[in-house]
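Trainee: Sharing a structure here in structure tokens format.
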Protein chains: 4
Amino acid sequence: MSQERAPRWGEPVFYRVIYGDTDRAGVVYYANYLRLFEMGRTEWMRNVLGTPYRRLEESGVLFPVVEAHIRYKAPAFYDDLLEIRTALEDASRVTLTFCYEIKRDGKLLVTGNTRHVAAGTDGRLTRIPRDLSYALSRFFEKTG
Amino acid sequence: MSQERAPRWGEPVFYRVIYGDTDRAGVVYYANYLRLFEMGRTEWMRNVLGTPYRRLEESGVLFPVVEAHIRYKAPAFYDDLLEIRTALEDASRVTLTFCYEIKRDGKLLVTGNTRHVAAGTDGRLTRIPRDLSYALSRFFEKTG
Amino acid sequence: MSQERAPRWGEPVFYRVIYGDTDRAGVVYYANYLRLFEMGRTEWMRNVLGTPYRRLEESGVLFPVVEAHIRYKAPAFYDDLLEIRTALEDASRVTLTFCYEIKRDGKLLVTGNTRHVAAGTDGRLTRIPRDLSYALSRFFEKTG
Amino acid sequence: MSQERAPRWGEPVFYRVIYGDTDRAGVVYYANYLRLFEMGRTEWMRNVLGTPYRRLEESGVLFPVVEAHIRYKAPAFYDDLLEIRTALEDASRVTLTFCYEIKRDGKLLVTGNTRHVAAGTDGRLTRIPRDLSYALSRFFEKTG
């Protein structure tokens, strides 16, 4: 991400940890943060971008993930109310990168990002449609 | 199931419990046994019936679940090697019922059953195809 | 449940279906409804009973599940906003039975119940503590 | 990892994809590869290192994950028989890094790595015990 760009964080999504999210170490199982990232990404699209991912799909564009990176700083526990924040970190003609922060009571527990490519329903890579691309460009106005 | 019928149990499937299956009580989370039931049912179809479920799907017949029942007798723990046994408990023109046993070192931990209906790819209920129905009837020869 | 008793349904909990809940048939995977039942049960305890399950645990009483029953009437889909309703169906000195309804836009999709026993942290069965038992009895006043 | 070191890959672990692993795009859900990585890592410890992770835990040393990285090259589908390969990529006095490859019929689908720190049962960071450290050093003999 170039210096002039700053990610625009959406409103937080809240999620209450259930037994089914935890493992026998008493903490949220490491794979389940990718579920939380999906929750954050989906609500970012709905609320910030203004287009539910379901609608993008219906228009024939999918955004399969090609890379994910997670940093586990501190564990989340059963019954914790987690705050998930999502931002668009970067966008090109063919890829989108989202970044995420998961907090409990303001304390940062987990960060990560996921990179996605645009693909048609046949699975082939494609360009991001022009109107979506235009909508996304709003998130990268120069700030410096 | 009428008195003359006896379920025909397939060969066991083995599954090693991972951290991701357990919860903070240190035992396998209660929902995850339905994953194990699916493993058992799938291998029963492949090995006993002789038709992978994937092939039934390709022929246009799905068997969505309409009911599931699970009895939890004793917990399964991390790193346990579980034995999953599956049998066809009952079959009619439109439904299949499978029953399951999950054991560790011969000790019975969980039992259950799932009832399925035949449906087309459009989701509508349908009859079980004649050749599948015939194949299934072999599992209900009179034993008395 | 005897005739004079009527379950007291708590306020609904809402859950938005994510990709991670669905399977390749395009619907919520059959095991995941037990996660939703847990969400409903936990919030019933917090809001109706007034005692978070986490606090019961801290006091040394667990309620492991001994039986679960699920009826799948209609599928839930990606991005559906599901309404989960929970009630205490029955309670004795040693067991609790909860029942659940999952709806989308008022349409009933899934029902079920789970039966739990009281156990100490050593896993041994125990009686439900007197004050909890008293609190639970409020939910079974005669209605007839 | 320095040039002289080469990861020592363990024997593959095989896993058959079930419905419960897939999502509505018809492919394995992106979080579930971390479950497969756990399967690989656990069997690497059991078979290559010769010490089940369960036994390390019993000796009071845990290896919580601090970072995970996944590259999704091609999707895995329902009923695929996946081959999971694991190697120790690096080890220091306090951290272990594992790398993973997931293949289907020899085709590479997913790669990744996870970094773990040694911690006591109280959650505090600790050094890797001397005998384990010695056992691990075998995997980094000079190859050049």
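Going by the structure tokens order, chains are called A, B, ..., each with residues numbered from 1, while ligands are numbered from 1 in the order shown.
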Quick one: residues within 7 Å of Tyr15 in chain B, only C-alpha atoms counted, chain neighbours fewer than 3 positions away excluded, as a list in words?
Mentor: Leu81, Leu82 and Glu83 of chain B
Trainee: Would you put the residues from that selection into a file with N, CA and C atoms, as an mmCIF file, in the first residue's frame?
Mentor:
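As written to disk, part_34.cif reads:
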data_model
loop_
_atom_site.group_PDB
_atom_site.id
_atom_site.type_symbol
_atom_site.label_atom_id
_atom_site.label_comp_id
_atom_site.auth_asym_id
_atom_site.auth_seq_id
_atom_site.Cartn_x
_atom_site.Cartn_y
_atom_site.Cartn_z
ATOM 1 N N LEU B 81 -8.377 -42.299 19.038
ATOM 2 C CA LEU B 81 -8.620 -42.900 17.733
ATOM 3 C C LEU B 81 -10.030 -43.485 17.773
ATOM 4 N N LEU B 82 -10.957 -42.839 17.088
ATOM 5 C CA LEU B 82 -12.357 -43.239 17.166
ATOM 6 C C LEU B 82 -12.707 -44.202 16.044
ATOM 7 N N GLU B 83 -13.574 -45.139 16.382
ATOM 8 C CA GLU B 83 -14.074 -46.120 15.425
ATOM 9 C C GLU B 83 -15.532 -45.774 15.136
#
Trainee: Mind listing the helix (DSSP H, G or I) residues of chain A, per DSSP on the backbone, as a PyMOL selection string?
Mentor: chain A and resi 19-21+32-49+53-58+130-140
Trainee: At a cut-off of 12 Å, using only C-alpha atoms, what residues contact Asp131 in chain C? Leave out same-chain residues fewer than 2 positions from it and give the result as a PyMOL selection string.
Mentor: chain C and resi 49+51+56+59+93+127-129+133-138
Trainee: Counting only C-alpha atoms, a student should be able to say which residues of chain B come within 8 Å of chain A; what is the right answer, written as a PDB file with N, CA and C atoms, in the first residue's frame?
Mentor:
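Heads up, here's the output in iface-v7.pdb:
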ATOM      1  N   TYR B  19      -7.281 -31.139  17.950  1.00  0.00           N
ATOM      2  CA  TYR B  19      -7.637 -29.976  18.771  1.00  0.00           C
ATOM      3  C   TYR B  19      -8.903 -29.295  18.247  1.00  0.00           C
ATOM      4  N   GLY B  20      -8.971 -29.163  16.932  1.00  0.00           N
ATOM      5  CA  GLY B  20     -10.085 -28.452  16.320  1.00  0.00           C
ATOM      6  C   GLY B  20     -11.434 -29.115  16.518  1.00  0.00           C
ATOM      7  N   ASP B  21     -11.452 -30.362  16.962  1.00  0.00           N
ATOM      8  CA  ASP B  21     -12.719 -31.053  17.240  1.00  0.00           C
ATOM      9  C   ASP B  21     -13.175 -30.859  18.675  1.00  0.00           C
ATOM     10  N   THR B  22     -12.237 -30.466  19.545  1.00  0.00           N
ATOM     11  CA  THR B  22     -12.554 -30.399  20.974  1.00  0.00           C
ATOM     12  C   THR B  22     -13.053 -29.009  21.355  1.00  0.00           C
ATOM     13  N   ASP B  23     -13.607 -28.903  22.554  1.00  0.00           N
ATOM     14  CA  ASP B  23     -13.977 -27.598  23.090  1.00  0.00           C
ATOM     15  C   ASP B  23     -13.300 -27.411  24.444  1.00  0.00           C
ATOM     16  N   ARG B  24     -13.587 -26.295  25.094  1.00  0.00           N
ATOM     17  CA  ARG B  24     -12.832 -25.967  26.291  1.00  0.00           C
ATOM     18  C   ARG B  24     -13.114 -26.898  27.471  1.00  0.00           C
ATOM     19  N   ALA B  25     -14.144 -27.764  27.332  1.00  0.00           N
ATOM     20  CA  ALA B  25     -14.346 -28.789  28.354  1.00  0.00           C
ATOM     21  C   ALA B  25     -13.380 -29.961  28.130  1.00  0.00           C
ATOM     22  N   GLY B  26     -12.572 -29.890  27.079  1.00  0.00           N
ATOM     23  CA  GLY B  26     -11.569 -30.920  26.837  1.00  0.00           C
ATOM     24  C   GLY B  26     -12.103 -32.135  26.105  1.00  0.00           C
ATOM     25  N   VAL B  27     -13.334 -32.039  25.605  1.00  0.00           N
ATOM     26  CA  VAL B  27     -13.964 -33.170  24.922  1.00  0.00           C
ATOM     27  C   VAL B  27     -14.415 -32.766  23.527  1.00  0.00           C
ATOM     28  N   TYR B  29     -16.600 -31.522  20.761  1.00  0.00           N
ATOM     29  CA  TYR B  29     -17.788 -30.652  20.772  1.00  0.00           C
ATOM     30  C   TYR B  29     -18.984 -31.413  20.206  1.00  0.00           C
ATOM     31  N   ALA B  31     -21.513 -30.960  18.350  1.00  0.00           N
ATOM     32  CA  ALA B  31     -21.918 -30.896  16.941  1.00  0.00           C
ATOM     33  C   ALA B  31     -21.028 -31.758  16.055  1.00  0.00           C
ATOM     34  N   TYR B  78      -9.161 -35.550  23.079  1.00  0.00           N
ATOM     35  CA  TYR B  78      -8.100 -35.228  22.132  1.00  0.00           C
ATOM     36  C   TYR B  78      -7.201 -36.434  21.869  1.00  0.00           C
TER      37      TYR B  78
END
Trainee: What does the distance from CA of Val65 in chain D to CA of Arg71 in chain A come to in Å, to one decimal?
Mentor: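 For CA of Val65 in chain D relative to CA of Arg71 in chain A, the distance reads 8.7 Å.
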Trainee: Check the smallest atom-to-atom distance from each of A:Pro12, A:Pro75, A:Gly40, A:Gly50 to Thr114 in chain A using only C-alpha atoms, then report the winner.
Mentor: A:Gly40
Trainee: Near His69 in chain B, counting only C-alpha atoms, which residues have an atom at most 10 Å away, once you skip same-chain residues fewer than 2 positions from it, shown as a PDB file with C-alpha atoms, in the first residue's frame?
Mentor:
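Dumped everything to out25.pdb:
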ATOM      1  CA  LEU B  34     -22.513 -35.255  13.027  1.00  0.00           C
ATOM      2  CA  GLU B  67     -33.921 -35.651  11.142  1.00  0.00           C
ATOM      3  CA  ARG B  71     -27.078 -39.945  22.317  1.00  0.00           C
ATOM      4  CA  CYS B  99     -27.645 -45.627  12.428  1.00  0.00           C
ATOM      5  CA  THR B 111     -24.905 -43.566  19.102  1.00  0.00           C
ATOM      6  CA  GLY B 112     -27.314 -41.902  16.742  1.00  0.00           C
ATOM      7  CA  ASN B 113     -29.272 -42.015  13.576  1.00  0.00           C
ATOM      8  CA  THR B 114     -30.116 -39.774  10.653  1.00  0.00           C
ATOM      9  CA  ARG B 115     -33.114 -39.924   8.342  1.00  0.00           C
TER      10      ARG B 115
ATOM     11  CA  GLU C  67     -29.017 -36.216  23.935  1.00  0.00           C
ATOM     12  CA  ALA C  68     -29.813 -34.017  20.960  1.00  0.00           C
ATOM     13  CA  HIS C  69     -32.603 -34.198  18.429  1.00  0.00           C
ATOM     14  CA  ILE C  70     -32.935 -32.053  15.306  1.00  0.00           C
ATOM     15  CA  ARG C  71     -35.700 -31.823  12.700  1.00  0.00           C
ATOM     16  CA  GLY C 112     -34.842 -29.471  18.069  1.00  0.00           C
ATOM     17  CA  ASN C 113     -34.079 -30.119  21.661  1.00  0.00           C
ATOM     18  CA  THR C 114     -31.106 -30.993  23.819  1.00  0.00           C
TER      19      THR C 114
END
Trainee: Just the strand (DSSP E) stuff from chain C, please, per backbone DSSP, written as a PyMOL selection string.
Mentor: chain C and resi 13-16+65-72+81-91+95-104+107-117
Trainee: Find the residues around Ala119 in chain A up to 10 Å (only C-alpha atoms counted), leave out those fewer than 5 positions away in its own chain, and share them as a PyMOL selection string.
Mentor: chain A and resi 57+60-64+94-95+124-128
Trainee: Output C-alpha atoms for every residue in the selection just made, as an mmCIF file, in the first residue's frame.
Mentor:
data_model
loop_
_atom_site.group_PDB
_atom_site.id
_atom_site.type_symbol
_atom_site.label_atom_id
_atom_site.label_comp_id
_atom_site.auth_asym_id
_atom_site.auth_seq_id
_atom_site.Cartn_x
_atom_site.Cartn_y
_atom_site.Cartn_z
ATOM 1 C CA GLU A 57 -22.051 -13.266 -6.687
ATOM 2 C CA GLY A 60 -21.332 -13.323 -11.709
ATOM 3 C CA VAL A 61 -18.200 -12.129 -9.899
ATOM 4 C CA LEU A 62 -16.663 -14.147 -7.075
ATOM 5 C CA PHE A 63 -13.652 -13.212 -4.959
ATOM 6 C CA PRO A 64 -11.966 -16.484 -3.967
ATOM 7 C CA VAL A 94 -7.676 -8.063 -10.349
ATOM 8 C CA THR A 95 -7.100 -8.361 -6.593
ATOM 9 C CA ARG A 124 -11.497 -18.209 -14.408
ATOM 10 C CA LEU A 125 -9.702 -15.079 -13.332
ATOM 11 C CA THR A 126 -11.293 -11.900 -14.561
ATOM 12 C CA ARG A 127 -10.994 -8.153 -14.110
ATOM 13 C CA ILE A 128 -12.930 -6.454 -11.347
#
Trainee: Would you work out the distance separating CA of Ala87 in chain B from CA of Ala76 in chain C, expressed in Å to one decimal?
Mentor: 28.1 Å
Trainee: Could you jot down the CA of Tyr100 in chain D to CA of Thr121 in chain A separation for me, Å, one decimal place?
Mentor: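 Going from CA of Tyr100 in chain D over to CA of Thr121 in chain A, I get 28.8 Å.
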